[in-house]
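Source file structure.csv; content: CSV, C-alpha atoms.
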```csv
chain,number,residue,atom,x,y,z
D,1,MET,CA,15.4,-2.9,-0.8
D,2,SER,CA,15.5,-1.2,-4.2
D,3,PRO,CA,12.3,-0.3,-6.1
D,4,SER,CA,12.9,-3.1,-8.5
D,5,GLU,CA,13.1,-5.6,-5.7
D,6,ARG,CA,9.9,-4.6,-4.0
D,7,PRO,CA,6.8,-6.9,-4.3
D,8,VAL,CA,4.2,-5.6,-6.7
D,9,HIS,CA,0.6,-5.3,-5.7
D,10,HIS,CA,-1.9,-5.2,-8.5
D,11,ASP,CA,-4.8,-2.9,-7.6
D,12,THR,CA,-8.1,-4.4,-8.7
D,13,ALA,CA,-10.3,-2.0,-6.6
D,14,GLN,CA,-10.6,0.5,-9.4
D,15,ARG,CA,-9.9,3.5,-7.1
D,16,GLU,CA,-8.8,5.6,-10.0
D,17,VAL,CA,-11.5,7.2,-12.1
D,18,PRO,CA,-11.5,9.4,-15.3
D,19,ALA,CA,-10.9,13.1,-14.7
D,20,ASP,CA,-14.3,13.9,-16.1
D,21,THR,CA,-16.2,11.7,-13.7
D,22,PRO,CA,-19.2,13.7,-12.4
D,23,THR,CA,-18.9,14.9,-8.8
D,24,GLY,CA,-22.4,16.4,-8.3
D,25,VAL,CA,-26.0,15.2,-8.5
D,26,ASP,CA,-26.5,15.2,-12.3
D,27,LEU,CA,-28.1,11.8,-12.4
D,28,GLU,CA,-27.9,11.3,-16.2
D,29,ARG,CA,-24.1,12.0,-16.1
D,30,VAL,CA,-23.6,9.7,-13.2
D,31,ILE,CA,-25.4,6.9,-14.9
D,32,ALA,CA,-23.6,7.6,-18.1
D,33,ALA,CA,-20.2,7.4,-16.5
D,34,GLN,CA,-21.0,4.2,-14.6
D,35,VAL,CA,-22.5,2.4,-17.6
D,36,ARG,CA,-19.5,3.3,-19.7
D,37,LYS,CA,-17.0,2.3,-17.0
D,38,LEU,CA,-18.7,-1.0,-16.3
D,39,ARG,CA,-19.1,-1.8,-20.0
D,40,LEU,CA,-15.4,-1.2,-20.7
D,41,ALA,CA,-14.4,-3.3,-17.7
D,42,SER,CA,-16.5,-6.1,-19.2
D,43,GLY,CA,-14.6,-5.8,-22.5
D,44,LEU,CA,-17.8,-5.2,-24.4
D,45,SER,CA,-18.3,-2.8,-27.4
D,46,VAL,CA,-21.3,-0.5,-27.5
D,47,GLY,CA,-22.9,-2.8,-30.1
D,48,ASP,CA,-22.2,-6.0,-28.1
D,49,MET,CA,-23.6,-4.4,-24.9
D,50,ALA,CA,-26.7,-3.1,-26.7
D,51,THR,CA,-27.4,-6.6,-28.1
D,52,LYS,CA,-26.9,-8.2,-24.7
D,53,VAL,CA,-29.2,-5.8,-23.0
D,54,GLY,CA,-31.8,-5.7,-25.7
D,55,ILE,CA,-31.7,-2.0,-26.6
D,56,SER,CA,-30.6,-0.3,-29.7
D,57,LYS,CA,-27.0,0.8,-30.2
D,58,ALA,CA,-28.1,4.4,-30.6
D,59,MET,CA,-30.0,4.3,-27.3
D,60,LEU,CA,-27.0,2.9,-25.4
D,61,SER,CA,-24.8,5.6,-27.0
D,62,LYS,CA,-27.3,8.3,-25.8
D,63,ILE,CA,-27.2,6.8,-22.3
D,64,GLU,CA,-23.5,6.8,-22.2
D,65,ASN,CA,-23.4,10.4,-23.3
D,66,ALA,CA,-26.0,11.5,-20.8
D,67,GLN,CA,-28.3,12.6,-23.7
D,68,THR,CA,-31.4,10.7,-22.3
D,69,SER,CA,-33.0,9.6,-19.1
D,70,CYS,CA,-33.3,5.9,-18.4
D,71,SER,CA,-36.5,4.3,-17.4
D,72,LEU,CA,-36.5,1.9,-14.5
D,73,SER,CA,-36.9,-1.0,-16.8
D,74,THR,CA,-33.9,0.1,-18.9
D,75,LEU,CA,-31.8,0.5,-15.7
D,76,ALA,CA,-32.8,-3.0,-14.6
D,77,ARG,CA,-31.8,-4.4,-18.0
D,78,LEU,CA,-28.5,-2.5,-18.0
D,79,ALA,CA,-27.6,-3.8,-14.5
D,80,ALA,CA,-28.5,-7.4,-15.4
D,81,GLY,CA,-26.4,-7.1,-18.6
D,82,LEU,CA,-23.4,-5.8,-16.6
D,83,ASP,CA,-24.0,-8.3,-13.8
D,84,VAL,CA,-24.1,-5.6,-11.1
D,85,PRO,CA,-26.8,-4.4,-8.7
D,86,VAL,CA,-28.9,-1.5,-10.0
D,87,THR,CA,-27.5,0.7,-7.2
D,88,SER,CA,-24.1,0.4,-8.8
D,89,LEU,CA,-25.3,2.6,-11.7
D,90,PHE,CA,-26.0,5.4,-9.2
D,91,ARG,CA,-22.6,5.4,-7.5
D,92,GLY,CA,-21.4,9.0,-7.1
D,93,ALA,CA,-24.9,10.5,-7.1
D,94,ASP,CA,-24.9,11.2,-3.4
D,95,THR,CA,-25.6,14.8,-2.5
D,96,ALA,CA,-22.5,15.2,-0.3
D,97,ARG,CA,-19.3,13.4,0.8
D,98,ASP,CA,-17.6,14.5,4.0
D,99,ALA,CA,-14.0,15.7,4.3
D,100,VAL,CA,-12.2,17.1,7.3
D,101,PHE,CA,-9.4,19.7,6.8
D,102,VAL,CA,-7.1,20.5,9.8
D,103,GLU,CA,-4.6,23.3,9.3
D,104,SER,CA,-1.0,22.6,10.5
D,105,GLY,CA,-0.7,23.0,14.2
D,106,SER,CA,-4.5,23.5,14.8
D,107,GLY,CA,-5.5,19.9,15.7
D,108,ALA,CA,-7.2,19.3,19.0
D,109,VAL,CA,-4.7,18.2,21.7
D,110,ILE,CA,-5.5,14.8,23.3
D,111,VAL,CA,-4.5,14.7,27.0
D,112,GLY,CA,-3.4,11.3,28.1
D,113,ARG,CA,-1.1,9.5,30.5
D,114,GLY,CA,2.0,10.5,28.6
D,115,THR,CA,1.3,14.2,28.2
D,116,ARG,CA,3.3,15.3,31.3
D,117,VAL,CA,6.4,13.4,30.2
D,118,GLY,CA,6.7,14.9,26.7
D,119,HIS,CA,4.2,12.8,24.7
D,120,HIS,CA,2.1,15.1,22.5
D,121,TYR,CA,-1.0,13.8,20.7
D,122,GLU,CA,-2.7,16.0,18.1
D,123,LEU,CA,-6.0,14.8,16.6
D,124,LEU,CA,-6.1,15.5,12.9
D,125,GLY,CA,-9.9,15.0,12.5
D,126,ALA,CA,-12.3,12.1,12.7
D,127,LEU,CA,-14.5,10.9,9.9
D,128,ARG,CA,-17.3,8.4,10.3
D,129,GLY,CA,-17.7,6.7,6.9
D,130,GLN,CA,-20.3,4.2,5.8
D,131,HIS,CA,-18.9,1.4,8.0
D,132,LYS,CA,-16.0,2.7,10.2
D,133,ARG,CA,-14.8,5.7,12.1
D,134,LEU,CA,-11.4,6.8,10.9
D,135,GLU,CA,-9.2,8.7,13.4
D,136,PRO,CA,-5.7,10.1,12.5
D,137,VAL,CA,-3.4,11.4,15.3
D,138,LEU,CA,0.0,13.1,14.9
D,139,VAL,CA,2.1,11.8,17.8
D,140,THR,CA,5.2,13.7,19.0
D,141,LEU,CA,7.6,12.4,21.6
D,142,THR,CA,10.2,14.9,22.8
D,143,ASP,CA,11.5,13.7,26.2
D,144,ALA,CA,13.2,10.4,27.0
D,145,SER,CA,11.1,8.9,29.8
D,146,GLU,CA,10.6,5.6,31.6
D,147,VAL,CA,6.9,6.2,31.3
D,148,PHE,CA,5.7,4.5,28.2
D,149,PRO,CA,1.9,4.4,27.9
D,150,LEU,CA,0.5,1.2,26.5
D,151,PHE,CA,-2.6,1.2,24.3
D,152,GLN,CA,-5.4,-1.3,23.5
D,153,HIS,CA,-8.5,-0.6,21.5
D,154,PRO,CA,-10.8,-2.1,18.9
D,155,GLY,CA,-10.0,-1.8,15.3
D,156,THR,CA,-6.9,-1.6,13.1
D,157,GLU,CA,-4.1,0.9,13.5
D,158,LEU,CA,-1.5,2.1,11.0
D,159,ILE,CA,1.7,3.8,12.3
D,160,TYR,CA,3.8,5.7,9.8
D,161,MET,CA,7.1,7.0,11.1
D,162,LEU,CA,8.0,10.6,10.2
D,163,GLU,CA,11.0,11.5,12.3
D,164,GLY,CA,13.4,10.0,14.8
D,165,GLU,CA,13.7,6.3,15.8
D,166,MET,CA,12.0,4.1,18.3
D,167,VAL,CA,11.4,0.5,19.2
D,168,TYR,CA,7.6,-0.1,19.1
D,169,GLY,CA,6.1,-3.1,20.8
D,170,HIS,CA,2.9,-5.0,19.8
D,171,GLY,CA,2.1,-8.1,21.9
D,172,GLU,CA,5.2,-10.1,22.3
D,173,SER,CA,6.9,-8.6,19.2
D,174,GLU,CA,9.1,-5.5,18.8
D,175,TYR,CA,9.8,-3.4,15.7
D,176,ARG,CA,12.5,-0.8,15.1
D,177,LEU,CA,10.8,2.1,13.3
D,178,ARG,CA,12.7,4.7,11.3
D,179,PRO,CA,11.4,7.5,9.0
D,180,GLY,CA,9.4,6.0,6.2
D,181,ASP,CA,8.7,2.7,8.1
D,182,SER,CA,5.1,1.7,8.7
D,183,LEU,CA,3.5,-0.8,11.1
D,184,LEU,CA,-0.1,-2.1,10.6
D,185,LEU,CA,-1.4,-3.7,13.7
D,186,ASP,CA,-4.5,-5.2,15.5
D,187,GLY,CA,-5.5,-2.6,18.1
D,188,GLU,CA,-6.7,-5.3,20.5
D,189,GLY,CA,-3.0,-6.3,21.1
D,190,LEU,CA,-1.2,-4.2,23.7
D,191,HIS,CA,1.0,-1.8,21.9
D,192,GLY,CA,3.2,1.3,22.5
D,193,PRO,CA,6.8,2.5,22.4
D,194,ASN,CA,9.3,0.4,24.3
D,195,ASP,CA,12.5,2.4,23.6
D,196,LEU,CA,12.9,6.0,22.3
D,197,VAL,CA,16.1,5.6,20.4
D,198,GLN,CA,16.4,9.0,18.7
D,199,LEU,CA,14.4,12.1,19.7
D,200,PRO,CA,12.4,14.0,18.7
D,201,ILE,CA,10.1,11.3,17.4
D,202,ARG,CA,7.0,12.0,15.2
D,203,PHE,CA,4.7,9.5,13.7
D,204,LEU,CA,1.2,9.4,12.2
D,205,ALA,CA,-1.2,6.9,13.9
D,206,VAL,CA,-4.4,6.2,11.9
D,207,THR,CA,-7.0,4.0,13.6
D,208,ALA,CA,-10.0,2.5,11.8
D,209,TYR,CA,-12.6,1.5,14.4
D,210,PRO,CA,-15.1,-1.3,13.7
D,211,ASP,CA,-18.8,-0.9,12.9
D,212,ASN,CA,-19.9,-1.6,16.5
D,213,HIS,CA,-17.4,0.7,18.2
D,214,GLN,CA,-18.9,3.2,20.6
D,215,GLU,CA,-17.2,6.1,22.4
```
Please, can you express the file's structure as structure tokens?
Amino acid sequence: MSPSERPVHHDTAQREVPADTPTGVDLERVIAAQVRKLRLASGLSVGDMATKVGISKAMLSKIENAQTSCSLSTLARLAAGLDVPVTSLFRGADTARDAVFVESGSGAVIVGRGTRVGHHYELLGALRGQHKRLEPVLVTLTDASEVFPLFQHPGTELIYMLEGEMVYGHGESEYRLRPGDSLLLDGEGLHGPNDLVQLPIRFLAVTAYPDNHQE
């Protein structure tokens, strides 16, 4: 399928933010960036927004340029005018956000049923976010074997094929995966490789566990 034939997904999640978005704990700058972003998303000018909220245009301009501190009552009025929770105006003001870096070849090795028959699993870190635990694993299959471990676990798993070719089963279905192919699956369904077509095989498996998942 050529790029022009691919379906287009319009991203409404607003993941991209301006390059000058504050990353630290400067509260005035955080509020300024959030108010400006939300106002622009609402299609309001500074004057229109000031009138809607009930403050002067000059005051709103100072808020958006981090030149003044907002009182709680002003924050409440801004949030009401933007139709968002007050907490939305503080987004990004957290003291720290976690990240995990794993240098190539240094991930922890996971020993499992397939280890002795050429199945290598390398943990690339685990990060527990606000709601889910995310676990990426680099899987390498080097030996053709009749032993194909099956997996079943809570959560959702994404498989992204990097090298080789295999037939991967999920429930009653089979999928032929080649480099660049991806498979998103419900981890509760039995899944695993059914046929190793071209070795070596390498793929990235990323699992997002649900809120109530326990080790």
Exercise: segment 151-154 of chain D partners within 7 Å, only C-alpha atoms, chain neighbours under 3 positions left out, as a PyMOL selection string: chain D and resi 187-192+209-210
Those same residues, written as a PDB file, keeping the file's coordinate frame with C-alpha atoms?
```pdb
ATOM      1  CA  GLY D 187      -5.500  -2.600  18.100  1.00  0.00           C
ATOM      2  CA  GLU D 188      -6.700  -5.300  20.500  1.00  0.00           C
ATOM      3  CA  GLY D 189      -3.000  -6.300  21.100  1.00  0.00           C
ATOM      4  CA  LEU D 190      -1.200  -4.200  23.700  1.00  0.00           C
ATOM      5  CA  HIS D 191       1.000  -1.800  21.900  1.00  0.00           C
ATOM      6  CA  GLY D 192       3.200   1.300  22.500  1.00  0.00           C
ATOM      7  CA  TYR D 209     -12.600   1.500  14.400  1.00  0.00           C
ATOM      8  CA  PRO D 210     -15.100  -1.300  13.700  1.00  0.00           C
TER       9      PRO D 210
END
```
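When atom CA of Gly164 of chain D is paired with atom CA of Leu199 of chain D, their separation reads 5.4 Å.
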So which residues touch Lys62 of chain D within 12 Å, counting all atoms listed in the file, skipping near sequence neighbours fewer than 3 positions away, as a PyMOL selection string? chain D and resi 28-29+31-33+35-36+46+50+55-59+65-70
Would you pick out the contacts of Leu44 of chain D at 12 Å or less, using all atoms listed in the file, so that residues sharing its chain but fewer than 6 positions from it are not included, and give the list as a short mmCIF file (atom, residue, chain, number, x, y, z; two decimals) with C-alpha atoms, keeping the file's coordinate frame?
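Saved result, out-v7.cif, follows:
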```cif
data_model
loop_
_atom_site.label_atom_id
_atom_site.label_comp_id
_atom_site.auth_asym_id
_atom_site.auth_seq_id
_atom_site.Cartn_x
_atom_site.Cartn_y
_atom_site.Cartn_z
CA VAL D 35 -22.50 2.40 -17.60
CA ARG D 36 -19.50 3.30 -19.70
CA LYS D 37 -17.00 2.30 -17.00
CA LEU D 38 -18.70 -1.00 -16.30
CA ALA D 50 -26.70 -3.10 -26.70
CA THR D 51 -27.40 -6.60 -28.10
CA LYS D 52 -26.90 -8.20 -24.70
CA VAL D 53 -29.20 -5.80 -23.00
CA GLY D 81 -26.40 -7.10 -18.60
CA LEU D 82 -23.40 -5.80 -16.60
#
```
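Coordinates place atom CA of Thr156 of chain D at a distance of 21.7 Å from atom CA of Val109 of chain D.
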Have a look at atom CA of Gly155 of chain D and atom CA of Gly105 of chain D and let me know their distance in Å, one decimal. 26.5 Å
